[in-house]
Structure formats: C-alpha cells, structure tokens
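Undergrad: For reference, this is run.cif, and it has mmCIF, C-alpha atoms.
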```
data_protein
loop_
_atom_site.label_atom_id
_atom_site.label_comp_id
_atom_site.auth_asym_id
_atom_site.auth_seq_id
_atom_site.Cartn_x
_atom_site.Cartn_y
_atom_site.Cartn_z
CA MET A 2 78.42 3.40 -17.55
CA SER A 3 77.96 -0.37 -17.41
CA SER A 4 77.57 -2.27 -20.66
CA HIS A 5 75.13 -4.76 -19.15
CA PRO A 6 71.54 -4.78 -20.40
CA SER A 7 68.95 -2.93 -18.37
CA THR A 8 65.25 -3.12 -17.95
CA ALA A 9 62.72 -0.42 -18.65
CA ARG A 10 59.41 -0.38 -16.81
CA TRP A 11 56.17 -1.03 -18.70
CA PRO A 12 53.09 -1.25 -16.53
CA GLY A 13 53.25 -4.57 -14.67
CA ARG A 14 56.50 -5.99 -16.10
CA TRP A 15 60.16 -5.50 -16.94
CA ILE A 16 61.54 -5.56 -20.46
CA LEU A 17 65.13 -6.43 -21.34
CA LEU A 18 67.04 -3.44 -22.75
CA PRO A 19 70.76 -2.72 -23.07
CA VAL A 20 72.70 -0.86 -20.32
CA LEU A 21 71.74 -2.27 -16.87
CA LEU A 22 69.59 -5.22 -15.92
CA PHE A 23 67.79 -5.02 -12.61
CA SER A 24 64.68 -6.26 -10.85
CA LEU A 25 63.20 -5.35 -7.51
CA SER A 26 62.69 -8.39 -5.29
CA GLY A 27 59.68 -8.79 -3.04
CA CYS A 28 61.70 -7.65 -0.02
CA GLY A 29 62.65 -4.43 -1.76
CA MET A 30 66.30 -5.31 -2.36
CA LEU A 31 67.88 -4.47 -5.71
CA SER A 32 69.14 -7.60 -7.46
CA TRP A 33 71.71 -7.41 -10.27
CA PHE A 34 72.18 -9.96 -13.02
CA SER A 35 74.53 -10.33 -15.95
CA PRO A 36 72.94 -10.96 -19.34
CA SER A 37 73.33 -14.28 -21.07
CA ARG A 38 74.01 -12.43 -24.32
CA PRO A 39 77.59 -13.16 -25.47
CA SER A 40 80.02 -10.30 -26.00
CA PRO A 41 81.24 -9.71 -29.57
CA LYS A 42 84.72 -10.98 -30.28
CA ALA A 43 86.95 -11.23 -33.29
CA VAL A 44 86.28 -14.24 -35.49
CA ALA A 45 89.34 -15.86 -36.99
CA PRO A 46 89.66 -15.05 -40.69
CA LEU A 47 89.27 -17.82 -43.21
CA ALA A 48 92.38 -19.38 -44.65
CA LYS A 49 92.78 -18.37 -48.29
CA GLN A 50 92.28 -21.90 -49.53
CA ALA A 51 88.97 -22.14 -47.60
CA VAL A 52 87.42 -19.06 -49.25
CA LYS A 53 84.87 -20.19 -51.83
CA VAL A 54 82.61 -17.11 -51.90
CA GLU A 55 83.48 -13.39 -51.93
CA VAL A 56 81.07 -10.71 -50.66
CA ASP A 57 81.07 -7.45 -52.67
CA THR A 58 79.16 -4.19 -52.17
CA ASP A 59 76.82 -3.00 -54.94
CA TRP A 60 75.67 0.20 -53.22
CA GLN A 61 74.94 1.75 -49.86
CA ALA A 62 72.33 4.30 -48.75
CA ARG A 63 72.52 6.34 -45.53
CA LEU A 64 69.16 6.66 -43.79
CA TYR A 65 67.98 8.97 -41.00
CA GLY A 66 69.08 8.47 -37.41
CA THR A 67 71.37 5.95 -35.76
CA TRP A 68 70.03 2.68 -34.42
CA ARG A 69 71.00 1.60 -30.97
CA LEU A 70 71.51 -2.12 -31.39
CA GLN A 71 69.17 -3.83 -28.96
CA PRO A 72 69.80 -7.33 -27.67
CA TYR A 73 67.45 -9.86 -29.26
CA GLU A 74 65.78 -7.22 -31.43
CA THR A 75 66.25 -6.96 -35.19
CA SER A 76 64.55 -4.82 -37.80
CA ASN A 77 62.70 -6.21 -40.82
CA ILE A 78 63.19 -5.04 -44.40
CA ALA A 79 60.30 -5.57 -46.83
CA VAL A 80 60.92 -5.95 -50.58
CA GLY A 81 58.33 -6.08 -53.36
CA ASP A 82 57.03 -4.40 -56.48
CA GLY A 83 60.53 -3.19 -57.35
CA HIS A 84 60.98 -1.30 -54.08
CA ILE A 85 62.51 -1.61 -50.61
CA TYR A 86 60.54 -0.60 -47.51
CA LEU A 87 61.90 -0.08 -44.02
CA VAL A 88 61.66 2.16 -40.97
CA ASP A 89 64.53 4.39 -39.87
CA ALA A 90 65.62 5.15 -36.31
CA SER A 91 63.84 8.51 -36.31
CA GLY A 92 60.39 7.03 -36.89
CA HIS A 93 60.04 7.41 -40.66
CA LEU A 94 58.63 4.78 -43.01
CA LEU A 95 60.77 4.85 -46.14
CA CYS A 96 60.38 3.61 -49.69
CA LEU A 97 63.54 3.18 -51.78
CA ASP A 98 64.00 1.95 -55.31
CA LEU A 99 66.23 -1.05 -55.93
CA GLY A 100 69.19 1.26 -56.37
CA GLY A 101 68.82 2.72 -52.87
CA LYS A 102 67.26 6.04 -53.96
CA GLN A 103 64.39 7.34 -51.82
CA ASP A 104 60.98 7.50 -53.49
CA TRP A 105 58.88 8.66 -50.55
CA MET A 106 58.90 8.99 -46.76
CA VAL A 107 56.19 9.37 -44.12
CA ARG A 108 56.45 10.19 -40.42
CA LEU A 109 55.08 7.75 -37.85
CA ASP A 110 53.75 8.52 -34.38
CA GLY A 111 56.43 6.66 -32.47
CA LYS A 112 59.18 4.33 -33.61
CA SER A 113 58.94 0.85 -35.04
CA ALA A 114 61.46 -1.67 -33.79
CA ARG A 115 60.40 -4.42 -36.19
CA GLY A 116 59.75 -2.59 -39.47
CA PRO A 117 56.98 -2.98 -42.06
CA THR A 118 55.12 -5.93 -43.54
CA LEU A 119 54.15 -5.72 -47.24
CA ALA A 120 51.01 -7.49 -48.47
CA ASP A 121 49.06 -6.85 -51.69
CA GLY A 122 50.44 -3.36 -52.19
CA ILE A 123 49.83 -2.26 -48.57
CA LEU A 124 52.40 -1.70 -45.82
CA TYR A 125 51.48 -2.51 -42.23
CA VAL A 126 53.63 -1.22 -39.37
CA GLY A 127 53.27 -0.98 -35.59
CA THR A 128 54.96 1.51 -33.24
CA ASP A 129 56.02 1.91 -29.63
CA SER A 130 53.17 4.40 -29.15
CA GLY A 131 50.72 1.52 -29.66
CA LYS A 132 49.61 2.55 -33.15
CA LEU A 133 49.19 0.14 -36.05
CA TYR A 134 49.19 1.74 -39.51
CA ALA A 135 48.23 0.73 -43.03
CA PHE A 136 49.85 2.70 -45.90
CA SER A 137 49.71 2.49 -49.66
CA ALA A 138 53.04 1.06 -50.81
CA LYS A 139 52.75 3.06 -54.03
CA ASN A 140 52.85 6.57 -52.54
CA GLY A 141 52.83 6.29 -48.72
CA ARG A 142 49.23 7.49 -48.37
CA ARG A 143 47.81 6.49 -45.02
CA LEU A 144 44.80 4.18 -45.35
CA TRP A 145 43.99 3.76 -41.66
CA VAL A 146 45.51 3.84 -38.19
CA THR A 147 44.35 2.08 -35.02
CA GLN A 148 45.36 2.94 -31.46
CA LEU A 149 46.02 -0.25 -29.45
CA ASP A 150 46.40 -0.80 -25.70
CA SER A 151 50.19 -1.00 -25.59
CA GLU A 152 53.41 -1.07 -27.61
CA VAL A 153 53.52 -3.19 -30.78
CA LEU A 154 56.68 -5.28 -30.58
CA SER A 155 56.03 -7.99 -33.15
CA PRO A 156 56.23 -7.95 -36.92
CA ILE A 157 52.75 -7.64 -38.43
CA THR A 158 51.10 -10.77 -39.85
CA VAL A 159 48.61 -10.39 -42.70
CA SER A 160 46.07 -13.00 -43.79
CA LYS A 161 43.29 -12.77 -46.37
CA GLU A 162 41.01 -10.65 -44.18
CA ALA A 163 42.96 -10.01 -40.97
CA VAL A 164 45.96 -8.12 -39.61
CA LEU A 165 47.54 -9.60 -36.49
CA ALA A 166 50.06 -8.16 -34.03
CA GLN A 167 51.42 -9.00 -30.59
CA LEU A 168 51.59 -6.30 -27.94
CA VAL A 169 53.97 -5.96 -25.03
CA ASN A 170 51.09 -6.47 -22.56
CA GLY A 171 50.63 -10.10 -23.71
CA GLN A 172 47.78 -9.53 -26.15
CA LEU A 173 47.50 -10.91 -29.66
CA VAL A 174 45.09 -8.69 -31.59
CA ASP A 175 43.19 -9.38 -34.80
CA LEU A 176 42.17 -6.33 -36.87
CA GLN A 177 40.12 -6.10 -40.04
CA ARG A 178 42.33 -5.48 -43.08
CA GLY A 179 39.93 -3.00 -44.61
CA ASP A 180 39.61 -0.45 -41.81
CA GLY A 181 41.74 -1.60 -38.85
CA LYS A 182 38.80 -2.25 -36.54
CA LEU A 183 39.42 -4.76 -33.75
CA ASP A 184 37.80 -8.17 -34.28
CA TRP A 185 39.20 -10.00 -31.26
CA ALA A 186 42.04 -10.06 -28.75
CA PHE A 187 43.65 -13.06 -27.05
CA SER A 188 45.67 -12.53 -23.85
CA MET A 189 48.40 -14.54 -22.14
CA ASN A 190 49.92 -13.88 -18.72
CA GLN A 191 53.29 -12.24 -19.15
CA PRO A 192 56.31 -13.20 -17.03
CA SER A 193 57.89 -10.48 -14.89
CA LEU A 194 60.95 -10.33 -17.16
CA LEU A 195 60.84 -10.69 -20.93
CA LEU A 196 62.96 -10.09 -24.01
CA ARG A 197 62.23 -6.92 -25.93
CA THR A 198 61.09 -8.84 -28.97
CA LEU A 199 57.93 -10.70 -29.91
CA PRO A 200 57.40 -13.10 -32.81
CA ALA A 201 55.08 -12.74 -35.75
CA SER A 202 52.16 -15.14 -35.62
CA VAL A 203 51.59 -17.52 -38.54
CA VAL A 204 48.24 -18.11 -40.26
CA HIS A 205 47.59 -21.43 -42.00
CA GLY A 206 44.06 -22.05 -43.21
CA ASP A 207 41.70 -20.95 -40.47
CA VAL A 208 44.22 -21.33 -37.63
CA VAL A 209 46.63 -18.82 -36.08
CA TYR A 210 49.83 -20.13 -34.47
CA ALA A 211 51.47 -17.75 -32.00
CA GLY A 212 54.39 -18.00 -29.57
CA PHE A 213 54.42 -16.13 -26.27
CA ALA A 214 56.93 -14.91 -23.67
CA ASP A 215 55.96 -17.66 -21.20
CA GLY A 216 57.31 -20.33 -23.58
CA ASN A 217 53.92 -21.50 -24.89
CA LEU A 218 52.91 -22.05 -28.50
CA VAL A 219 49.16 -21.52 -28.92
CA ALA A 220 46.83 -22.43 -31.80
CA LEU A 221 43.78 -20.18 -32.17
CA ASN A 222 40.69 -20.08 -34.34
CA LEU A 223 41.27 -17.27 -36.84
CA SER A 224 37.63 -16.21 -36.97
CA ASN A 225 37.10 -15.62 -33.23
CA GLY A 226 40.40 -16.11 -31.36
CA ALA A 227 39.20 -19.20 -29.48
CA GLU A 228 42.06 -21.37 -28.19
CA LEU A 229 42.36 -24.75 -29.93
CA TRP A 230 45.44 -26.09 -28.14
CA ARG A 231 48.69 -25.00 -26.50
CA ALA A 232 52.10 -26.62 -26.08
CA ALA A 233 54.99 -25.75 -23.76
CA VAL A 234 58.04 -25.24 -25.97
CA ALA A 235 60.03 -24.35 -22.85
CA ILE A 236 59.33 -24.53 -19.13
CA PRO A 237 60.89 -21.85 -16.89
CA HIS A 238 63.49 -23.10 -14.43
CA GLY A 239 66.19 -21.55 -12.28
CA ASN A 240 66.31 -19.47 -9.12
CA ASN A 241 66.01 -15.97 -10.62
CA GLU A 242 63.89 -14.26 -13.26
CA LEU A 243 66.73 -14.02 -15.78
CA ALA A 244 67.35 -17.77 -15.67
CA ARG A 245 63.61 -18.38 -16.02
CA MET A 246 63.23 -16.44 -19.28
CA VAL A 247 61.83 -18.75 -21.98
CA ASP A 248 60.47 -16.29 -24.54
CA ILE A 249 59.38 -17.58 -27.92
CA ALA A 250 60.93 -14.81 -30.01
CA ALA A 251 61.24 -16.80 -33.25
CA ASN A 252 58.31 -16.99 -35.63
CA PRO A 253 56.58 -20.40 -35.79
CA ILE A 254 57.20 -22.33 -39.02
CA VAL A 255 54.62 -24.44 -40.85
CA ASP A 256 56.12 -27.57 -42.41
CA GLY A 257 53.40 -29.75 -43.88
CA ASP A 258 51.30 -31.20 -41.09
CA ARG A 259 53.63 -29.95 -38.36
CA ILE A 260 54.33 -26.60 -36.78
CA ILE A 261 57.88 -25.88 -35.57
CA ALA A 262 58.65 -23.45 -32.74
CA ALA A 263 61.78 -22.39 -30.87
CA ALA A 264 62.28 -20.76 -27.47
CA TYR A 265 65.04 -18.82 -25.75
CA GLN A 266 66.66 -21.00 -23.08
CA GLY A 267 64.33 -23.76 -24.20
CA ASN A 268 63.74 -26.12 -27.08
CA LEU A 269 63.38 -26.39 -30.82
CA ALA A 270 60.29 -28.57 -31.19
CA ALA A 271 57.73 -29.80 -33.71
CA TYR A 272 54.03 -30.33 -33.04
CA ALA A 273 51.15 -31.78 -35.03
CA ARG A 274 49.11 -28.91 -36.44
CA SER A 275 45.98 -30.85 -35.60
CA GLY A 276 45.85 -31.30 -31.82
CA GLY A 277 49.33 -30.04 -30.94
CA SER A 278 50.91 -33.37 -29.93
CA GLU A 279 54.71 -33.19 -29.79
CA GLU A 280 56.55 -34.98 -32.61
CA TRP A 281 60.10 -34.21 -31.52
CA SER A 282 62.07 -31.80 -29.35
CA VAL A 283 65.75 -30.76 -29.24
CA LEU A 284 67.35 -28.68 -26.49
CA MET A 285 68.31 -25.47 -28.34
CA SER A 286 68.15 -21.81 -27.32
CA THR A 287 67.46 -19.21 -29.99
CA THR A 288 65.76 -15.85 -30.51
CA LEU A 289 66.03 -15.90 -34.31
CA THR A 290 63.54 -17.57 -36.64
CA PRO A 291 65.05 -20.75 -38.09
CA VAL A 292 65.24 -21.09 -41.87
CA LEU A 293 63.47 -23.96 -43.63
CA ALA A 294 65.07 -24.55 -47.03
CA ASP A 295 65.74 -27.53 -49.29
CA GLY A 296 64.24 -29.94 -46.76
CA HIS A 297 66.48 -28.80 -43.89
CA LEU A 298 66.01 -26.52 -40.91
CA TYR A 299 68.86 -24.10 -40.17
CA VAL A 300 69.11 -22.62 -36.68
CA ALA A 301 71.23 -19.77 -35.30
CA LEU A 302 71.62 -20.47 -31.59
CA ALA A 303 71.77 -17.82 -28.88
CA ASP A 304 75.40 -18.70 -28.13
CA GLY A 305 76.47 -18.09 -31.74
CA ARG A 306 76.57 -21.67 -32.97
CA ILE A 307 74.83 -22.71 -36.22
CA ALA A 308 73.05 -26.03 -36.67
CA ALA A 309 71.20 -27.94 -39.38
CA VAL A 310 68.28 -30.08 -38.23
CA ASP A 311 66.11 -32.67 -40.00
CA PRO A 312 62.59 -31.15 -39.67
CA HIS A 313 60.98 -34.63 -39.85
CA SER A 314 62.88 -36.18 -36.95
CA GLY A 315 64.71 -33.42 -35.07
CA VAL A 316 68.05 -35.11 -35.73
CA VAL A 317 70.96 -32.61 -35.77
CA LEU A 318 72.72 -33.05 -39.12
CA TRP A 319 75.64 -30.76 -38.42
CA ARG A 320 76.69 -28.08 -35.97
CA SER A 321 79.25 -25.30 -36.45
CA ASP A 322 81.04 -23.74 -33.47
CA VAL A 323 83.06 -21.24 -35.50
CA LEU A 324 80.87 -18.27 -34.42
CA LYS A 325 80.37 -19.43 -30.83
CA GLY A 326 80.49 -16.36 -28.57
CA GLN A 327 79.12 -14.02 -31.25
CA TYR A 328 75.73 -12.32 -30.92
CA LEU A 329 73.96 -13.20 -34.17
CA THR A 330 71.32 -10.92 -35.69
CA GLY A 331 70.04 -12.95 -38.62
CA ILE A 332 70.18 -16.15 -40.66
CA THR A 333 68.98 -16.44 -44.28
CA HIS A 334 69.18 -18.94 -47.13
CA CYS A 335 70.18 -17.21 -50.37
CA GLY A 336 70.71 -19.15 -53.57
CA THR A 337 72.95 -22.06 -52.62
CA ASP A 338 74.41 -20.37 -49.55
CA LEU A 339 73.50 -19.79 -45.92
CA LEU A 340 74.07 -16.22 -44.69
CA VAL A 341 74.56 -15.21 -41.06
CA SER A 342 74.96 -11.66 -39.69
CA ASP A 343 76.17 -10.44 -36.30
CA ASP A 344 76.23 -7.31 -34.17
CA ALA A 345 79.98 -6.97 -34.71
CA GLY A 346 79.13 -5.96 -38.30
CA SER A 347 80.08 -9.06 -40.29
CA VAL A 348 78.29 -11.33 -42.73
CA TYR A 349 79.36 -14.98 -42.89
CA VAL A 350 78.70 -17.44 -45.71
CA PHE A 351 78.19 -21.12 -44.88
CA ASP A 352 77.79 -24.16 -47.09
CA PRO A 353 74.36 -25.44 -46.01
CA ARG A 354 75.25 -29.01 -46.93
CA SER A 355 78.36 -29.33 -44.77
CA GLY A 356 78.16 -26.42 -42.33
CA HIS A 357 81.61 -25.20 -43.40
CA ARG A 358 82.27 -21.47 -43.49
CA VAL A 359 83.16 -20.55 -47.06
CA GLY A 360 83.22 -16.73 -46.97
CA GLN A 361 82.90 -13.67 -44.76
CA SER A 362 82.98 -9.89 -44.97
CA HIS A 363 83.13 -7.13 -42.37
CA VAL A 364 80.43 -4.73 -43.56
CA SER A 365 80.11 -2.11 -40.81
CA SER A 366 81.86 -1.27 -37.55
CA SER A 367 78.45 -0.22 -36.15
CA GLY A 368 77.09 -3.77 -36.37
CA ILE A 369 74.24 -5.25 -38.41
CA GLN A 370 70.74 -4.98 -37.02
CA SER A 371 68.74 -6.88 -39.65
CA ALA A 372 68.72 -10.38 -40.98
CA PRO A 373 70.10 -10.52 -44.54
CA VAL A 374 67.24 -10.18 -47.04
CA CYS A 375 67.81 -12.20 -50.21
CA LEU A 376 66.87 -10.45 -53.46
CA GLY A 377 67.74 -13.32 -55.79
CA GLN A 378 70.65 -13.58 -58.19
CA ASP A 379 72.98 -13.91 -55.16
CA ARG A 380 72.18 -10.37 -53.99
CA PHE A 381 71.00 -9.39 -50.52
CA LEU A 382 70.38 -6.43 -48.21
CA VAL A 383 71.58 -5.70 -44.67
CA LEU A 384 71.03 -2.66 -42.44
CA SER A 385 73.83 -1.40 -40.20
CA GLY A 386 73.55 0.05 -36.73
CA ALA A 387 74.62 3.41 -38.12
CA GLY A 388 71.54 3.43 -40.36
CA THR A 389 73.22 2.50 -43.63
CA LEU A 390 71.45 0.08 -45.97
CA TYR A 391 73.81 -2.08 -48.03
CA GLN A 392 73.15 -4.16 -51.09
CA LEU A 393 75.77 -6.89 -51.28
CA HIS A 394 76.30 -9.75 -53.69
CA LEU A 395 77.96 -13.13 -53.53
CA ARG A 396 80.63 -14.01 -56.05
CA PRO A 397 82.43 -17.35 -56.48
CA HIS A 398 86.05 -16.99 -55.45
#
```
Turn this file's structure into structure tokens for me.
TA:
Amino acid sequence: MSSHPSTARWPGRWILLPVLLFSLSGCGMLSWFSPSRPSPKAVAPLAKQAVKVEVDTDWQARLYGTWRLQPYETSNIAVGDGHIYLVDASGHLLCLDLGGKQDWMVRLDGKSARGPTLADGILYVGTDSGKLYAFSAKNGRRLWVTQLDSEVLSPITVSKEAVLAQLVNGQLVDLQRGDGKLDWAFSMNQPSLLLRTLPASVVHGDVVYAGFADGNLVALNLSNGAELWRAAVAIPHGNNELARMVDIAANPIVDGDRIIAAAYQGNLAAYARSGGSEEWSVLMSTTLTPVLADGHLYVALADGRIAAVDPHSGVVLWRSDVLKGQYLTGITHCGTDLLVSDDAGSVYVFDPRSGHRVGQSHVSSSGIQSAPVCLGQDRFLVLSGAGTLYQLHLRPH
C-alpha cells in the first residue's frame, strides 16, 4: 500500500486524504501526484548545554479509538470550568476533569475531526454526517441539533447570538445560538482539490472574517451574511491541481485595526479591517493558525520551519530551520515559551525571543494530532494519534 495521500470523493470535488492522491483529468486519464507534505524524520537531539527546559508528564488518559493522523487536520481540545472537553476517534464527546478522569460521555451521529468549541457553558460540535450539536457542558445534555447540507470540517465559531461553521461544500452557515435555526448561508466556489481542513471564522463587532479554500479572505456582515469585501491571500498557480492548492486553513487573526490571514502555498498577509486594503504580505505557506503573543506573530510553516514576524510591518524577525522536513501539527505560546508539536510524536520548546530550541520531548510513537493547549502554570495538554491525552509541564533545567 502506498503511503501517499489519497482523495475521497465528495459530490463535485476531491478532498485530500492520506493513502493515494489522484484526480481524473478531462480526457479520462488517471493522473498521480506526490503530496507536498514532508515525511517525518529524526530531529537531532539538543546538546546538553543547550537544554534550558525539561518536559515532564503529569498524567495520561487513554480514550476510545485510535486516530488516523490526517495530513493538515488537527483536533481541538476545549478547556474551561475546571474540565477538559474533546471528541474521540469513535465519535464520542467526552468531558474529563483536570486529572484526566472521565465525568461524562455522549455519542455523536458521525465523527468530528475538529473537536468541540466551549462558550458560556455550552459545547458546540460539528460532524462528518453534517450535524451541528449544542450540549450542556455541565452534564452532556443535548440542547439542540441541526442537520446541515454537508460535512462540517471547521471548528465552530460562537458570537453573542450566532454559531458559525464552514462546510465542505463551500458554505459558511450562521445559526441561532438558542435553537440552531439557520439565519443565513454564504457560499464560495470550491476548487476541484482541497485540503481536508477548514478554518474557524472570526467575529469582531458586527463583521465575520472567513478564509476559504480558493485562497480568499472574505469579510461579511454578521446580521445577514452580505459580503463587505474580499482579498486574495493566495492566487493559484502551477500546471496541476495539487500545485494550485491555496487553501486558507489557518484561522484569521484580529490585531487591532488589521486582520491577518495565511494560506497554504501562498502568503501571510495583513489587511485593514475596514475596506480590506493590503498592509503587508510575506511569502509563507502554512496550514496552522499563527500565534499572536507579546506583540509578535509566530508561524509554523508547512515545510517545518518556524518564524517570528512583526505583525505591524510583516518583517521576519527570526527563522528557525531546525525542524525543516517535519510535519508540524501545532504551535502554541505557553508562559514564556513557544511550543511546537509534530506527527512524529515530539514536542519542541523554543525561546520566542531568539528562535533557539531550548527543550524537546518525544511523547508518543503514534504522533501528536492536536496543537498543545496551555493550561497556565507551565502546564499543557496534547493528544496522541493512539488516542492518549497527556498533561505535560515545563520545568527549568
């Protein structure tokens, strides 16, 4: 069996999945492509004198089912009210206490690739059967469920009165928080080949900012879904569909009067929130949401490199090549450190000021399929491909 990614057919388009990647050309010939995803390789260990931070395990909890690590797709973990919420590989929504002990579990119709969103004591989660649920975070009681037109592949965004989700058919839907009824839907034309991941939209004031698989960032009126402006974060180029993939898989980031977006095989760029005029643009390819912390923007690139960028000017402050060739699954700022995870199962600690690697730990041979989730006090969570949730903590060496 080949280890190349494959595509699975959804009506009208192809979606990137692991195993084989293929597309039927107009003349009926079968065309084969290799993925641009790098293959995992061993990262050189740190010299003893370079280790500044140790990574220790507090506890681990084995969940149900084994995740199949998907390229460009990571699962979210929600934390709040003294509990941890996530979805396992068998289609269960789980609530754990902060010691990893299960409090309750409910079965979903379908599986959720992106996990739950917690807002005001309610969990919102979408599934590959096209259902979007609202549950009480206290006891898992279902509050409402809405059947949508196609698979929900984005994290759920929650505003004061609305719940928003992106579907694999190119729709962004706005549902009422109280009962899940559809208020409006905005549609974009989908390319023939797309990554199996969609970003969460961002709500700021009465405007929704959403990135799409065709490389466009769109600003919409929250009340009715009317388009206010759009900007091309990336423009497709190349002589085959794989080369022309420019999905915006990273969530947009609001930074004052600007909105920052990033595209796969495209750019990291900033736009004025009012009108959408471009402020700056840097050629960078990523599928992971950059981290804005302490006045800097930290980016995990698709080729495994890490960079720090000035969000005001787009100037690259530093760039680390130490993980080049790794497939990264998350980047998080925690305390005074920058954490990066990969699908080879390791967590790396970087000094965000210099970009130097100051610690690392191999957590799981099954890989890590979530971005590290910082809990404070130098503690964080990661979820392995084998379905084990780890709480780890950082300790000065």
Undergrad: List as a list in words the residues having at least one atom at most 9 Å from position (78.5, -2.5, -35.3) as given in the file, counting all atoms listed in the file.
TA: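 Final list of nearby residues, as requested, is Leu70, Asp343, Asp344, Ala345, Gly346, Ser347, Val364, Ser365, Ser366, Ser367, Gly368, Ile369, Gln370, Ser385, Gly386 and Ala387 of chain A.
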Undergrad: Running the PyMOL selection byres ((chain A and resi 90) around 12) on this model by hand, what would come out? Give it as a PyMOL selection string.
TA: chain A and resi 63-70+76+87-89+91-95+108-109+111-116+128+370+384-389
Undergrad: Set the distance at 12 Å and use all atoms listed in the file: which residues neighbour Pro253 of chain A once local chain neighbours fewer than 5 positions away are removed? I'd like the list as a ChimeraX atom specification.
TA: /A:158,199-205,209-213,217-220,234,259-264,269-272,274,288-293
Undergrad: With the file shown as input, list the residues that the PyMOL selection byres ((chain A and resi 132) around 12) selects, as a PyMOL selection string.
TA: chain A and resi 109-113+125-131+133-135+145-154+157+166-168+181
Undergrad: Do you have the atom CA of Cys375 of chain A-atom CA of His334 of chain A distance handy?
TA: 7.5 Å
Undergrad: Mind checking which residues fall within 9 Å of Gln191 of chain A, counting only C-alpha atoms, ignoring those fewer than 2 positions away in the same chain, and posting them as a ChimeraX atom specification?
TA: /A:13-14,169-171,188-189,193-195,213-215
Undergrad: Please write the residues from the selection above to a file, keeping C-alpha atoms, as an mmCIF file, in the coordinates of the input.
TA:
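Saved as again-v5.cif:
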```
data_model
loop_
_atom_site.group_PDB
_atom_site.id
_atom_site.type_symbol
_atom_site.label_atom_id
_atom_site.label_comp_id
_atom_site.auth_asym_id
_atom_site.auth_seq_id
_atom_site.Cartn_x
_atom_site.Cartn_y
_atom_site.Cartn_z
ATOM 1 C CA GLY A 13 53.250 -4.570 -14.670
ATOM 2 C CA ARG A 14 56.500 -5.990 -16.100
ATOM 3 C CA VAL A 169 53.970 -5.960 -25.030
ATOM 4 C CA ASN A 170 51.090 -6.470 -22.560
ATOM 5 C CA GLY A 171 50.630 -10.100 -23.710
ATOM 6 C CA SER A 188 45.670 -12.530 -23.850
ATOM 7 C CA MET A 189 48.400 -14.540 -22.140
ATOM 8 C CA SER A 193 57.890 -10.480 -14.890
ATOM 9 C CA LEU A 194 60.950 -10.330 -17.160
ATOM 10 C CA LEU A 195 60.840 -10.690 -20.930
ATOM 11 C CA PHE A 213 54.420 -16.130 -26.270
ATOM 12 C CA ALA A 214 56.930 -14.910 -23.670
ATOM 13 C CA ASP A 215 55.960 -17.660 -21.200
#
```
Undergrad: Separation of atom CA of Gly100 of chain A and atom CA of Thr337 of chain A, in Å?
TA: 23.9 Å
Undergrad: Can you tell me, as an MDAnalysis selection string, what residues are no more than 12 Å from segment 353-359 of chain A when counting only C-alpha atoms, ignoring any on the same chain fewer than 3 positions away?
TA: chainID A and resid 44:56 292:301 306:310 317:324 332:341 348:350 362 395:398
Undergrad: Between atom CA of Leu393 of chain A and atom CA of Thr75 of chain A, what is the distance, to one decimal in Å?
TA: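 Value for the atom CA of Leu393 of chain A-atom CA of Thr75 of chain A distance: 18.7 Å.
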Undergrad: Calculated over all atoms listed in the file, which of the candidates A:Leu176, A:Leu229, A:Ala43, A:Ala273 has the smallest distance to Asp258 of chain A?
TA: A:Ala273
Undergrad: What does the PyMOL selection byres ((chain A and resi 160) around 10) select in this file, as a ChimeraX atom specification?
TA: /A:120,158-159,161-165,177-178,203-207,209,223
Undergrad: Given 3 Å of margin on each side, can you work out the centre and size in Å (one decimal) of an axis-aligned box holding every listed atom of segment 194-202 of chain A, as JSON?
TA:
```
{"center_x": 57.6, "center_y": -11.0, "center_z": -26.5, "size_x": 16.8, "size_y": 14.2, "size_z": 24.6}
```
Undergrad: Considering only C-alpha atoms, return as a list in words whatever protein or nucleic-acid residues lie within 10 Å of Gln266 of chain A, sequence-local ones (same chain, fewer than 5 positions apart) excluded.
TA: Ser37, Gly216, Ala235, Ile236, Pro237, His238, Ala244, Arg245, Met246, Val247, Asp248, Ile249, Leu284, Met285, Ser286, Thr287, Thr288, Leu302 and Ala303 of chain A
